$ cat coords.txt   # compact mmCIF, C-alpha atoms
# COMPACT_ATOMS: atom_id res chain seq x y z
CA MET V 1 128.18 97.62 104.04
CA ALA V 2 126.52 98.80 100.84
CA GLN V 3 124.72 102.11 100.83
CA ARG V 4 120.98 101.79 101.31
CA ASN V 5 119.86 105.39 100.94
CA ARG V 6 116.19 105.54 100.05
CA LYS V 7 113.56 108.22 99.51
CA ALA V 8 110.19 108.02 101.23
CA ARG V 9 107.31 110.39 100.56
CA SER V 10 104.48 111.03 103.01
CA GLY V 11 101.23 109.56 101.82
CA ILE V 12 102.83 106.28 100.68
CA VAL V 13 101.72 103.35 102.78
CA TYR V 14 104.61 101.16 103.97
CA GLY V 15 103.13 97.76 104.73
CA ALA V 16 99.90 97.23 106.61
CA ALA V 17 98.58 100.06 108.73
CA VAL V 18 98.83 98.49 112.16
CA ALA V 19 97.71 100.17 115.38
CA ILE V 20 98.33 103.69 114.10
CA GLY V 21 94.92 105.19 114.69
CA ALA V 22 96.26 107.25 117.58
CA LEU V 23 99.20 108.36 115.47
CA THR V 24 97.34 109.56 112.37
CA SER V 25 96.14 113.11 111.90
CA ALA V 26 93.63 114.92 109.74
CA GLN V 27 96.36 117.42 108.84
CA THR V 28 99.24 116.22 106.67
CA VAL V 29 102.23 118.02 105.22
CA SER V 30 103.64 116.68 101.97
CA ALA V 31 107.37 116.41 102.59
CA GLU V 32 110.18 114.48 101.01
CA VAL V 33 111.96 112.26 103.53
CA VAL V 34 115.36 110.85 102.59
CA GLN V 35 116.96 107.92 104.41
CA TYR V 36 120.72 107.54 104.91
CA SER V 37 122.76 104.52 105.96
CA ASP V 38 126.07 106.40 105.99
CA ARG V 39 126.66 108.79 108.90
CA ALA V 40 129.22 110.96 107.12
CA GLU V 41 126.82 111.57 104.24
CA TRP V 42 123.98 112.38 106.64
CA GLU V 43 126.13 114.80 108.63
CA ALA V 44 127.28 116.52 105.44
CA VAL V 45 123.64 117.30 104.64
CA THR V 46 122.61 118.07 108.24
CA GLY V 47 125.39 120.43 109.36
CA ALA V 48 125.85 120.89 113.10
CA VAL V 49 124.79 117.74 114.98
CA THR V 50 123.91 116.99 118.61
CA THR V 51 124.15 113.41 119.93
CA ILE V 52 122.62 111.93 123.08
CA GLY V 53 123.33 108.44 124.35
CA MET V 54 126.07 106.35 125.93
CA PRO V 55 127.40 106.75 128.54
CA ASP V 56 124.75 109.25 129.68
CA ILE V 57 121.70 106.93 129.54
CA PRO V 58 120.02 106.26 132.90
CA GLN V 59 118.41 102.87 133.54
CA THR V 60 114.64 103.28 133.57
CA SER V 61 111.47 101.49 132.53
CA PHE V 62 109.34 104.64 132.52
CA GLY V 63 110.97 106.75 129.82
CA PHE V 64 113.50 109.54 130.27
CA GLY V 65 111.22 112.57 130.52
CA GLY V 66 113.32 115.70 130.29
CA HIS V 67 116.64 114.05 131.21
CA PHE V 68 118.13 115.22 127.91
CA ALA V 69 116.42 118.63 127.91
CA PRO V 70 119.73 120.57 128.12
CA MET V 71 120.66 118.88 124.83
CA GLY V 72 117.41 119.80 123.08
CA VAL V 73 115.19 116.74 123.74
CA THR V 74 112.23 117.74 125.91
CA ASN V 75 110.76 114.24 126.21
CA LEU V 76 111.90 110.71 125.37
CA THR V 77 109.62 107.74 126.03
CA MET V 78 112.02 104.88 125.31
CA HIS V 79 113.46 102.80 128.14
CA GLY V 80 117.02 102.37 129.38
CA VAL V 81 118.30 98.79 129.76
CA ALA V 82 121.63 97.53 131.10
CA LEU V 83 123.64 95.45 128.61
CA ASP V 84 124.76 91.97 129.58
CA ALA V 85 128.30 90.75 128.92
CA VAL V 86 127.58 89.47 125.40
CA GLN V 87 125.76 92.62 124.31
CA ALA V 88 128.35 94.95 125.83
CA ASP V 89 131.19 93.07 124.15
CA PHE V 90 129.77 93.81 120.69
CA TRP V 91 129.78 97.52 121.45
CA GLY V 92 133.09 97.60 123.29
CA VAL V 93 131.60 98.99 126.50
CA PRO V 94 131.62 97.70 130.11
CA THR V 95 128.98 95.16 131.13
CA GLY V 96 126.03 96.98 132.65
CA THR V 97 126.32 100.03 130.41
CA VAL V 98 122.79 101.30 129.74
CA ALA V 99 121.42 101.43 126.19
CA PHE V 100 118.23 102.81 124.68
CA TYR V 101 115.48 100.19 124.32
CA ALA V 102 112.76 100.48 121.67
CA GLY V 103 109.75 98.18 122.04
CA ALA V 104 106.92 97.26 119.71
CA SER V 105 104.23 99.53 121.19
CA PRO V 106 103.09 102.30 118.82
CA MET V 107 102.55 104.60 121.81
CA SER V 108 106.17 104.29 122.94
CA ASN V 109 109.50 105.28 121.43
CA THR V 110 108.80 108.96 120.85
CA VAL V 111 111.54 111.58 120.81
CA ARG V 112 110.26 115.16 121.20
CA PHE V 113 112.58 118.05 120.39
CA ALA V 114 112.72 121.54 121.90
CA ALA V 115 112.24 123.17 118.49
CA PRO V 116 111.46 122.07 114.92
CA ILE V 117 114.32 120.38 113.05
CA HIS V 118 114.85 118.76 109.64
CA SER V 119 117.21 115.89 110.45
CA VAL V 120 117.46 112.97 112.91
CA ALA V 121 119.36 109.68 113.11
CA LEU V 122 119.48 106.51 115.21
CA ASP V 123 122.50 104.29 115.89
CA PHE V 124 120.54 101.13 116.75
CA ARG V 125 120.33 97.38 116.33
CA LEU V 126 116.75 96.70 115.24
CA PHE V 127 115.49 93.12 115.40
CA ALA V 128 112.53 93.89 113.13
CA GLY V 129 111.45 96.50 110.64
CA PHE V 130 110.30 99.71 112.33
CA TYR V 131 107.78 102.26 111.09
CA PHE V 132 108.73 105.88 111.66
CA TYR V 133 106.50 108.96 111.83
CA LEU V 134 107.68 112.57 111.75
CA ARG V 135 105.28 115.12 113.24
CA LEU V 136 105.04 118.84 113.77
CA GLY V 137 102.35 119.56 116.34
CA ASP V 138 99.20 117.85 115.02
CA GLN V 139 100.56 117.50 111.50
CA LEU V 140 102.01 114.32 110.04
CA VAL V 141 105.08 115.52 108.16
CA GLY V 142 106.42 112.24 106.82
CA GLN V 143 106.56 108.51 107.40
CA GLY V 144 108.42 105.44 106.26
CA PHE V 145 110.05 102.20 107.30
CA PHE V 146 113.46 101.33 108.72
CA ILE V 147 114.63 98.03 107.20
CA PRO V 148 117.51 96.57 109.22
CA THR V 149 120.17 94.33 107.71
CA PRO V 150 119.61 90.72 108.93
CA ASP V 151 122.15 90.21 111.69
CA PRO V 152 121.72 88.08 114.84
CA THR V 153 124.41 90.07 116.68
CA TYR V 154 124.11 93.36 118.52
CA GLN V 155 126.18 95.41 116.09
CA THR V 156 124.34 98.66 115.49
CA GLU V 157 123.35 100.23 112.17
CA PHE V 158 122.96 103.86 111.21
CA PHE V 159 119.45 105.04 110.29
CA GLY V 160 119.47 108.70 109.25
CA LEU V 161 116.61 110.86 108.01
CA THR V 162 116.25 114.33 106.51
CA SER V 163 112.95 116.02 105.73
CA THR V 164 112.11 118.98 103.51
CA ALA V 165 109.49 120.00 106.10
CA SER V 166 110.40 120.61 109.74
CA PHE V 167 109.23 118.30 112.55
CA ASP V 168 109.41 118.42 116.34
CA ARG V 169 109.19 114.71 117.13
CA ILE V 170 109.76 111.25 115.75
CA ASN V 171 107.94 108.07 116.77
CA ILE V 172 109.08 104.57 115.85
CA HIS V 173 107.41 101.19 116.38
CA THR V 174 107.19 97.74 114.87
CA SER V 175 104.04 95.80 113.99
CA SER V 176 105.67 92.54 115.05
CA ILE V 177 107.16 91.31 118.32
CA GLY V 178 110.45 92.89 117.35
CA TRP V 179 112.50 95.28 119.43
CA GLY V 180 115.69 97.26 119.26
CA VAL V 181 118.58 98.57 121.34
CA GLY V 182 120.56 101.70 120.59
CA ARG V 183 123.68 103.50 121.63
CA SER V 184 122.80 107.01 120.45
CA ILE V 185 120.28 109.37 118.87
CA SER V 186 121.58 112.29 116.80
CA PHE V 187 119.79 115.30 115.39
CA GLU V 188 120.25 118.72 113.87
CA THR V 189 121.60 121.00 116.58
CA ILE V 190 118.89 123.20 118.04
CA ILE V 191 119.93 126.83 118.54
CA PRO V 192 118.10 128.26 121.57
CA ALA V 193 115.84 131.22 120.83
CA PRO V 194 117.11 134.44 122.44
CA ALA V 195 115.25 135.67 125.50
CA ALA V 196 112.84 138.57 125.04
CA GLY V 197 115.18 140.94 126.87
CA ALA V 198 118.09 139.91 124.68
CA VAL V 199 116.03 140.54 121.54
CA ALA V 200 115.19 144.02 122.78
CA LEU V 201 118.84 144.80 123.50
CA LEU V 202 119.86 143.56 120.06
CA GLY V 203 117.31 145.88 118.52
CA LEU V 204 118.66 148.88 120.45
CA ALA V 205 122.30 148.21 119.56
CA PRO V 206 122.16 149.78 116.06
CA LEU V 207 120.45 152.88 117.49
CA ALA V 208 123.15 153.28 120.10
CA ALA V 209 125.82 153.04 117.41
CA ILE V 210 124.11 155.73 115.34
CA ARG V 211 123.92 158.08 118.35
CA ARG V 212 127.64 157.59 119.05
CA ARG V 213 128.49 158.69 115.52
CA ARG V 214 126.55 161.99 115.84
$ encode --input "coords.txt" --output "structure tokens"
Amino acid sequence: MAQRNRKARSGIVYGAAVAIGALTSAQTVSAEVVQYSDRAEWEAVTGAVTTIGMPDIPQTSFGFGGHFAPMGVTNLTMHGVALDAVQADFWGVPTGTVAFYAGASPMSNTVRFAAPIHSVALDFRLFAGFYFYLRLGDQLVGQGFFIPTPDPTYQTEFFGLTSTASFDRINIHTSSIGWGVGRSISFETIIPAPAAGAVALLGLAPLAAIRRRR
């Protein structure tokens, strides 16, 4: 498949602004957002990567909450749907394997991370174009549009993003009746912040070394 890497800058309007009143913010950060269609290229820019998805996707119609919290995703509002025989065959997995499901609603399909990151990617089959919004707290960091390759099958595509400004969540939705199914979500690995006690001990370590030398 040909490379389709594209640059998207916040402030550019991608198509009609549909049902995004609840998603817009008075505060906006001007960031450059780069799209990648090649995973190897995206990983080369991102560095260490964490991936959530098959086979650890529970079946649910109410979102995943903190199911993936140990991996760095504190909340995920997509659904989990079991694949039928035809769908599963395309992905080479057993029938009934659960996949991520992204619907059209602008208030759904949000992935919230445990700490700010600069890079995220979806391995999805999208049956429509999807808007994406990157946010850090109340600030809109960047936005753009995922344009899938026309394909009636369930073969997934890679949609990677990097941003010059950090973000702590991504929301995707389509303005049509489209939908999407995915096998994984990847993102820049989040390094846990050290506990307060650990920070204090790290600060005392050089002093202890100095005393030992005296």
$ residues_around --input "coords.txt" --residues "region 87-92 of chain V" --least-positions-apart "3" --cutoff "9 Å" --atoms "all atoms listed in the file" --output "number ranges by chain"
V: 82-84, 95-97, 153-156, 183
$ atom_distance --input "coords.txt" --atom1 "CA of Gln143 (chain V)" --atom2 "CA of Gly53 (chain V)"
23.8 Å
$ atom_distance --input "coords.txt" --atom1 "CA of Ile147 (chain V)" --atom2 "CA of Ala104 (chain V)"
14.7 Å
$ closest_residue --input "coords.txt" --among "V:Asn75, V:Ser30, V:Thr110, V:Thr50" --to "Ser166 (chain V)" --atoms "all atoms listed in the file"
V:Ser30
$ atom_distance --input "coords.txt" --atom1 "CA of Met54 (chain V)" --atom2 "CA of Val34 (chain V)"
26.1 Å
$ residues_around --input "coords.txt" --residues "Gly182 (chain V)" --least-positions-apart "6" --cutoff "6 Å" --atoms "only C-alpha atoms" --output "ChimeraX atom specification"
/V:99-100,123-124
$ residues_around --input "coords.txt" --residues "Ile185 (chain V)" --least-positions-apart "4" --cutoff "6 Å" --atoms "all atoms listed in the file" --output "PDB file with C-alpha atoms, keeping the file's coordinate frame"
ATOM      1  CA  THR V  51     124.150 113.410 119.930  1.00  0.00           C
ATOM      2  CA  ILE V  52     122.620 111.930 123.080  1.00  0.00           C
ATOM      3  CA  ALA V 121     119.360 109.680 113.110  1.00  0.00           C
ATOM      4  CA  LEU V 122     119.480 106.510 115.210  1.00  0.00           C
TER       5      LEU V 122
END
$ axis_aligned_box --input "coords.txt" --around "region 85-89 of chain V" --padding-each-side "4 Å" --output "AutoDock Vina command-line options"
--center_x 128.5 --center_y 92.2 --center_z 126.5 --size_x 13.4 --size_y 13.5 --size_z 12.8
$ closest_residue --input "coords.txt" --among "V:Phe167, V:Tyr131, V:Phe159, V:Phe146" --to "Tyr36 (chain V)" --atoms "all atoms listed in the file"
V:Phe159
$ residues_around --input "coords.txt" --residues "Ile190 (chain V)" --least-positions-apart "4" --cutoff "12 Å" --atoms "only C-alpha atoms" --output "PyMOL selection string"
chain V and resi 46-51+69-74+113-120+168+186
$ residues_near_point --input "coords.txt" --point "(109.9, 92.7, 117.5)" --cutoff "10 Å" --atoms "all atoms listed in the file" --output "number ranges by chain"
V: 102-105, 126-130, 173-180
